[in-house]
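Data from work_8.cif: mmCIF, C-alpha atoms and all ligand atoms
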```
data_input
#
loop_
_atom_site.label_atom_id
_atom_site.label_comp_id
_atom_site.auth_asym_id
_atom_site.auth_seq_id
_atom_site.Cartn_x
_atom_site.Cartn_y
_atom_site.Cartn_z
CA MET A 1 100.08 54.87 121.67
CA PRO A 2 101.79 58.16 122.51
CA THR A 3 99.42 60.77 123.90
CA GLU A 4 99.23 64.28 122.48
CA GLN A 5 101.11 65.54 125.53
CA MET A 6 103.96 63.11 125.00
CA MET A 7 104.27 64.19 121.40
CA GLN A 8 104.17 67.89 122.17
CA LYS A 9 107.58 69.37 121.62
CA TYR A 10 109.19 71.46 124.32
CA ILE A 11 109.35 75.12 123.30
CA GLY A 12 111.04 77.48 125.72
CA ARG A 13 112.15 81.07 125.42
CA PHE A 14 114.27 83.86 126.78
CA ALA A 15 112.53 87.21 126.72
CA PRO A 16 114.85 90.06 127.71
CA SER A 17 113.82 93.70 127.77
CA PRO A 18 116.45 95.69 125.86
CA THR A 19 116.82 98.32 128.56
CA GLY A 20 120.56 97.71 128.73
CA PRO A 21 123.14 94.98 128.17
CA LEU A 22 122.73 91.62 129.90
CA HIS A 23 124.13 91.49 133.44
CA MET A 24 124.78 88.48 135.67
CA GLY A 25 121.13 88.40 136.74
CA SER A 26 119.78 88.20 133.20
CA LEU A 27 122.52 85.72 132.25
CA VAL A 28 121.30 83.38 135.00
CA ALA A 29 117.72 83.56 133.64
CA ALA A 30 118.96 83.04 130.08
CA MET A 31 121.15 80.12 131.15
CA ALA A 32 118.40 78.37 133.12
CA SER A 33 115.91 78.64 130.25
CA TYR A 34 118.54 77.52 127.73
CA LEU A 35 119.66 74.54 129.82
CA ASP A 36 116.10 73.43 130.48
CA ALA A 37 115.26 73.58 126.76
CA LYS A 38 118.41 71.66 125.83
CA ALA A 39 117.85 69.10 128.60
CA HIS A 40 114.45 68.40 127.01
CA ASP A 41 115.77 68.40 123.42
CA GLY A 42 113.52 71.37 122.94
CA LEU A 43 113.55 74.64 121.06
CA TRP A 44 114.79 77.83 122.66
CA LEU A 45 113.33 81.04 121.22
CA LEU A 46 114.52 84.59 121.70
CA ARG A 47 112.02 87.40 122.08
CA MET A 48 112.90 91.04 122.61
CA GLU A 49 110.40 92.62 124.97
CA ASP A 50 110.90 96.12 123.64
CA LEU A 51 107.47 97.62 124.28
CA ASP A 52 108.53 100.27 126.76
CA PHE A 53 109.85 102.80 124.30
CA ASP A 54 110.89 105.13 127.12
CA ARG A 55 113.11 102.48 128.73
CA ASN A 56 114.54 100.83 125.62
CA VAL A 57 118.20 101.67 125.16
CA LYS A 58 119.42 102.11 121.62
CA GLY A 59 121.68 99.23 120.61
CA ALA A 60 120.89 97.14 123.72
CA ASP A 61 119.01 94.52 121.66
CA GLN A 62 122.05 94.00 119.44
CA HIS A 63 124.34 93.88 122.48
CA ILE A 64 122.13 91.17 124.02
CA ILE A 65 122.07 89.18 120.79
CA ASN A 66 125.87 89.40 120.47
CA SER A 67 126.41 88.40 124.11
CA LEU A 68 124.18 85.34 123.81
CA TYR A 69 125.95 84.38 120.63
CA ARG A 70 129.40 84.83 122.15
CA CYS A 71 128.30 82.66 125.08
CA GLY A 72 127.24 79.91 122.68
CA MET A 73 123.55 80.26 123.52
CA ILE A 74 122.11 80.07 120.05
CA TRP A 75 118.37 80.54 119.68
CA ASP A 76 116.10 78.65 117.30
CA GLY A 77 114.26 80.40 114.48
CA ASP A 78 113.84 84.12 114.04
CA ILE A 79 114.09 86.61 116.86
CA HIS A 80 110.74 88.23 117.66
CA TRP A 81 110.53 91.90 118.54
CA GLN A 82 107.38 92.75 120.48
CA SER A 83 107.33 96.23 118.97
CA GLN A 84 106.51 94.56 115.64
CA ARG A 85 103.66 92.52 117.06
CA GLN A 86 101.41 95.23 118.45
CA HIS A 87 98.49 94.28 116.18
CA LEU A 88 98.33 90.97 118.11
CA TYR A 89 97.97 92.78 121.45
CA GLU A 90 95.26 95.02 119.97
CA ALA A 91 93.38 91.94 118.74
CA ALA A 92 93.66 90.31 122.18
CA LEU A 93 92.37 93.45 123.86
CA GLN A 94 89.28 93.24 121.64
CA VAL A 95 88.75 89.56 122.50
CA LEU A 96 88.64 90.47 126.20
CA GLY A 97 85.32 92.30 125.55
CA ASP A 98 83.72 93.65 128.70
CA LYS A 99 86.27 91.97 130.93
CA ARG A 100 88.40 94.98 130.08
CA TYR A 101 87.45 98.55 130.84
CA PRO A 102 88.85 102.00 130.18
CA CYS A 103 90.41 103.77 133.11
CA ALA A 104 90.83 107.52 133.45
CA CYS A 105 92.77 107.57 136.71
CA SER A 106 96.05 109.36 137.13
CA ARG A 107 98.56 108.08 139.68
CA LYS A 108 97.55 110.97 141.96
CA GLU A 109 93.84 110.11 141.80
CA ILE A 110 94.62 106.50 142.67
CA ALA A 111 96.83 107.57 145.58
CA ASP A 112 94.15 110.02 146.84
CA SER A 113 91.48 107.35 146.64
CA ARG A 114 93.64 104.95 148.64
CA LEU A 115 94.15 107.64 151.23
CA ARG A 116 90.38 108.11 151.56
CA LEU A 117 89.95 104.35 151.92
CA GLY A 118 92.76 104.22 154.47
CA GLU A 119 94.73 101.84 152.23
CA THR A 120 97.90 103.81 151.69
CA ALA A 121 100.12 100.74 151.77
CA SER A 122 98.06 98.85 149.20
CA GLN A 123 99.21 98.62 145.59
CA ILE A 124 95.79 97.38 144.53
CA TYR A 125 93.81 99.56 142.16
CA PRO A 126 90.83 100.82 144.20
CA GLY A 127 88.39 100.21 141.32
CA ILE A 128 87.43 103.83 140.64
CA CYS A 129 86.62 103.28 136.93
CA ARG A 130 85.41 99.68 137.30
CA HIS A 131 81.76 100.61 136.84
CA GLY A 132 82.27 103.23 134.15
CA LEU A 133 84.10 106.49 133.66
CA THR A 134 82.94 109.50 135.64
CA ALA A 135 81.33 112.04 133.30
CA GLY A 136 83.87 114.27 131.64
CA LYS A 137 86.77 111.90 132.29
CA ILE A 138 88.91 110.72 129.41
CA ALA A 139 90.10 107.12 129.17
CA ARG A 140 93.85 106.88 129.60
CA ALA A 141 94.48 103.16 130.08
CA TRP A 142 92.77 99.79 129.78
CA ARG A 143 92.41 97.55 132.81
CA LEU A 144 91.28 93.98 133.27
CA ARG A 145 88.49 93.17 135.71
CA VAL A 146 89.76 90.38 137.95
CA PRO A 147 87.58 87.89 139.84
CA ASP A 148 87.60 87.40 143.60
CA GLN A 149 89.07 84.01 143.03
CA ILE A 150 92.21 82.12 143.91
CA TYR A 151 94.44 81.11 141.02
CA ARG A 152 96.77 78.20 141.61
CA PHE A 153 99.70 76.85 139.68
CA LYS A 154 102.54 74.54 140.39
CA ASP A 155 105.99 76.00 139.98
CA ARG A 156 108.48 73.26 139.11
CA LEU A 157 110.82 74.43 141.87
CA ALA A 158 108.77 76.34 144.40
CA GLY A 159 105.80 73.95 144.26
CA MET A 160 102.18 75.00 144.66
CA GLN A 161 101.54 78.74 144.48
CA GLU A 162 98.30 80.62 144.91
CA GLN A 163 97.09 84.16 144.62
CA ASN A 164 93.69 85.78 144.95
CA LEU A 165 93.59 88.19 142.05
CA ALA A 166 91.04 90.56 143.57
CA THR A 167 92.54 90.88 147.04
CA GLU A 168 96.22 90.54 146.19
CA VAL A 169 96.53 92.14 142.75
CA GLY A 170 93.41 94.07 141.73
CA ASP A 171 92.28 95.10 138.26
CA PHE A 172 95.53 95.37 136.38
CA VAL A 173 96.65 97.39 133.38
CA LEU A 174 96.60 95.94 129.85
CA LYS A 175 97.45 99.11 127.99
CA ARG A 176 99.15 101.91 129.82
CA ALA A 177 98.19 105.56 129.99
CA ASP A 178 101.28 106.39 127.93
CA GLY A 179 99.92 104.19 125.13
CA PHE A 180 102.41 101.34 125.64
CA TRP A 181 101.20 97.77 125.89
CA ALA A 182 101.57 96.31 129.35
CA TYR A 183 103.94 93.40 129.92
CA GLN A 184 101.20 91.08 131.27
CA LEU A 185 99.11 91.17 128.10
CA ALA A 186 102.01 91.06 125.64
CA VAL A 187 103.76 88.15 127.37
CA VAL A 188 100.60 86.03 127.37
CA VAL A 189 99.79 86.79 123.74
CA ASP A 190 103.33 85.98 122.63
CA ASP A 191 103.82 82.88 124.74
CA ALA A 192 100.63 81.54 123.15
CA ALA A 193 101.45 82.68 119.60
CA GLN A 194 104.92 81.16 119.79
CA GLY A 195 103.61 77.89 121.24
CA ILE A 196 105.70 78.20 124.41
CA THR A 197 105.27 75.07 126.51
CA HIS A 198 107.78 75.89 129.27
CA VAL A 199 108.53 79.24 130.86
CA VAL A 200 111.77 79.46 132.82
CA ARG A 201 112.53 82.91 134.25
CA GLY A 202 113.52 84.85 137.36
CA ALA A 203 111.61 84.48 140.62
CA ASP A 204 110.77 88.19 140.57
CA LEU A 205 108.07 87.25 138.03
CA ILE A 206 106.44 84.45 140.04
CA ASP A 207 104.03 87.04 141.35
CA SER A 208 102.87 87.85 137.79
CA THR A 209 102.06 84.25 136.92
CA ALA A 210 98.51 84.10 138.32
CA ARG A 211 97.63 87.21 136.28
CA GLN A 212 99.03 85.53 133.19
CA ILE A 213 97.10 82.33 133.84
CA TYR A 214 93.88 84.32 134.19
CA LEU A 215 94.58 86.07 130.87
CA GLN A 216 95.33 82.72 129.23
CA GLU A 217 91.97 81.46 130.46
CA LEU A 218 90.15 84.48 128.99
CA LEU A 219 92.01 84.28 125.67
CA GLY A 220 91.62 80.51 125.37
CA SER A 221 95.39 79.94 125.43
CA PRO A 222 97.12 76.96 127.01
CA THR A 223 99.02 77.46 130.26
CA PRO A 224 102.70 76.59 129.96
CA SER A 225 104.62 74.94 132.77
CA TYR A 226 106.49 77.43 134.99
CA LEU A 227 109.86 77.36 136.66
CA HIS A 228 111.15 80.43 138.48
CA VAL A 229 114.83 80.49 139.35
CA PRO A 230 116.30 82.59 142.19
CA VAL A 231 117.33 86.10 141.24
CA VAL A 232 120.85 87.40 141.67
CA THR A 233 121.08 90.21 144.21
CA ASN A 234 123.76 92.77 144.96
CA ALA A 235 125.47 93.34 148.32
CA ASP A 236 122.44 95.35 149.50
CA GLY A 237 120.12 92.46 148.70
CA GLU A 238 118.59 94.26 145.71
CA LYS A 239 117.82 92.39 142.50
CA LEU A 240 120.51 93.08 139.90
CA SER A 241 119.11 95.43 137.32
CA LYS A 242 120.09 98.46 135.36
CA GLN A 243 118.42 100.59 138.05
CA THR A 244 120.60 99.05 140.77
CA GLY A 245 123.72 99.65 138.69
CA ALA A 246 124.37 96.12 137.40
CA LEU A 247 127.25 95.92 134.95
CA ALA A 248 127.33 94.17 131.59
CA PHE A 249 128.87 90.72 131.97
CA ASP A 250 130.13 90.94 128.41
CA ARG A 251 132.63 93.73 128.07
CA GLY A 252 133.77 92.73 124.61
CA ASP A 253 137.19 91.35 125.45
CA ASN A 254 136.73 89.56 128.77
CA ASP A 255 136.84 85.82 129.41
CA LEU A 256 133.16 84.90 129.23
CA LEU A 257 133.72 81.29 130.26
CA HIS A 258 135.39 82.04 133.59
CA GLU A 259 133.98 85.47 134.32
CA ALA A 260 130.36 84.90 133.32
CA LEU A 261 129.30 81.35 132.43
CA MET A 262 131.02 79.54 135.31
CA PRO A 263 129.81 82.00 137.98
CA ALA A 264 126.25 81.86 136.54
CA ALA A 265 126.33 78.04 136.64
CA GLN A 266 127.63 78.22 140.20
CA PHE A 267 124.78 80.53 141.14
CA LEU A 268 122.37 77.92 139.73
CA ARG A 269 124.18 75.38 141.94
CA LEU A 270 125.16 73.19 139.04
CA ASN A 271 127.72 70.71 140.07
CA LEU A 272 130.41 71.16 137.42
CA SER A 273 133.37 69.30 138.75
CA LEU A 274 135.51 69.54 135.62
CA THR A 275 137.58 72.48 134.67
CA PHE A 276 136.88 73.79 131.22
CA ASP A 277 138.81 75.52 128.63
CA ASP A 278 136.15 75.79 126.01
CA ILE A 279 132.55 76.91 125.83
CA PRO A 280 131.10 73.87 123.97
CA ARG A 281 132.40 71.55 126.73
CA PHE A 282 130.97 73.86 129.33
CA TRP A 283 127.52 73.52 127.76
CA SER A 284 127.55 69.76 127.29
CA THR A 285 128.57 69.32 130.94
CA ALA A 286 126.13 71.97 132.19
CA ILE A 287 123.20 70.32 130.37
CA GLN A 288 123.94 67.02 132.11
CA ALA A 289 124.33 68.79 135.45
CA TRP A 290 121.00 70.56 134.94
CA LYS A 291 119.27 67.23 134.28
CA VAL A 292 120.69 65.80 137.50
CA LYS A 293 119.80 68.89 139.51
CA MET A 294 116.23 69.05 138.20
CA ALA A 295 115.66 65.35 138.74
CA SER A 296 116.49 65.81 142.42
CA LEU A 297 114.74 69.16 142.92
CA GLU A 298 111.64 69.16 140.79
CA SER A 299 108.62 69.15 143.03
CA PRO A 300 106.58 66.01 142.36
N1 LIG B 1 111.04 90.85 129.76
C1 LIG B 1 111.07 90.40 131.11
C2 LIG B 1 112.37 90.83 131.77
O1 LIG B 1 113.32 91.14 131.08
C3 LIG B 1 110.98 88.89 131.23
C4 LIG B 1 109.63 88.40 130.91
C5 LIG B 1 109.38 86.93 131.10
O2 LIG B 1 110.33 86.12 131.07
O3 LIG B 1 108.21 86.59 131.25
O4 LIG B 1 112.41 90.84 132.98
#
```

How would this structure read if it were set down as structure tokens?
Amino acid sequence: MPTEQMMQKYIGRFAPSPTGPLHMGSLVAAMASYLDAKAHDGLWLLRMEDLDFDRNVKGADQHIINSLYRCGMIWDGDIHWQSQRQHLYEAALQVLGDKRYPCACSRKEIADSRLRLGETASQIYPGICRHGLTAGKIARAWRLRVPDQIYRFKDRLAGMQEQNLATEVGDFVLKRADGFWAYQLAVVVDDAAQGITHVVRGADLIDSTARQIYLQELLGSPTPSYLHVPVVTNADGEKLSKQTGALAFDRGDNDLLHEALMPAAQFLRLNLSLTFDDIPRFWSTAIQAWKVKMASLESP
């Protein structure tokens, strides 16, 4: 008899932040998540992570949608915009009860406290508000109390990973001082609400995964399987991003097959020996190549 796990359908997603058009780095993440979903006959959902209203760029969401469409990466179901789902993050914050606490610290107070503790290099919150707000202080953000405990997970490529949340991360922000929901909370709430079974994304986020697993534990949500693919860097070794001046791979009239899809597949080290002249053939070949690659690479 098939077990529940065997019957569970693969649901993956691509979750771009609309802070600009997609560049080669985000195309690689989109492609890897799309190929993995297709290789598993799964669903591939699209979620706009548009919670940072200061960084959102007007029209970038539509540009991303058009680029994916032009590349033949068609998502399943409706697109979700995180900005329309804020009631879910509020509800999750309530569920966290006294695991969460209000924090009144400004960046300067945190930096000064680190200086006093001789921990200037540390990024870890020094715990100033952990045991209550100092009289007269006004709550600015919400943080999550983390345990002095090691969280482990197996990345499908990188293998076993571990992180001690207290000593390596510290109490992290759930709702920011500017009133915006933090990525860590929103991503966990949405991955659970959308039934995501497989997360495939850039390796720059591998460091966030233990935090997300801890939140899943507190919210009673299942932990998806994780696969982090290498990030594309520029000549200076910096991750491609809008901040490092990455250009849109879709300039409206360029040859997406040869100028974007083939280079992205090459970056993912897919062995595509054929030459293509159309996008549908590219995808059918790339899906097979992904299956072969993953079968040889996936850590047992
Ligand atoms: N929104 C994040 C980004 O664009 C990705 C989040 C995720 O895949 O978990 O980098």

Exercise. Which one is closest to ligand LIG 1 (chain B): A:Ile206, A:Leu35, A:Cys103, A:Leu68? Count only C-alpha atoms and all ligand atoms.
Worked result: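 Closest to ligand LIG 1 (chain B), using only C-alpha atoms and all ligand atoms: A:Ile206.
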
For this session: Kindly compile the residues surrounding ligand LIG 1 (chain B) within 9 Å, counting all atoms listed in the file, and format them as an MDAnalysis selection string.
Result: chainID A and resid 13:19 26 29 47:50 183:184 187:188 191 199:202 204:205 208:209

Problem set entry | Long-range neighbours of segment 123-139 of chain A as a VMD selection string, 6 Å cut-off, all atoms listed in the file, 4 positions minimum in chain | chain A and resid 102 to 104 169 to 170

For this session: Report the distance between atom CA of Phe282 of chain A and atom CA of Ala158 of chain A in Å, rounded to one decimal place.
Result: 26.9 Å

For this session: Please provide the set of residues having any atom within 8 Å of Tyr89 of chain A, restricted to all atoms listed in the file, with same-chain residues fewer than 6 positions apart removed, written as a PyMOL selection string.
Result: chain A and resi 181+185-186+189

Problem set entry | From A:Leu22, A:Leu219, A:Cys71, A:Ala210, residue lying nearest Ser241 of chain A [all atoms listed in the file] | A:Leu22

Problem set entry | Residue contacts of Phe267 of chain A (10 Å, only C-alpha atoms) excluding same-chain residues fewer than 2 positions away, as a list of chain:residue names |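 Residues near the query, excluding close chain neighbours: A:Met24, A:Gly25, A:Val28, A:Pro230, A:Val231, A:Val232, A:Leu261, A:Met262, A:Pro263, A:Ala264, A:Ala265, A:Arg269, A:Leu270.
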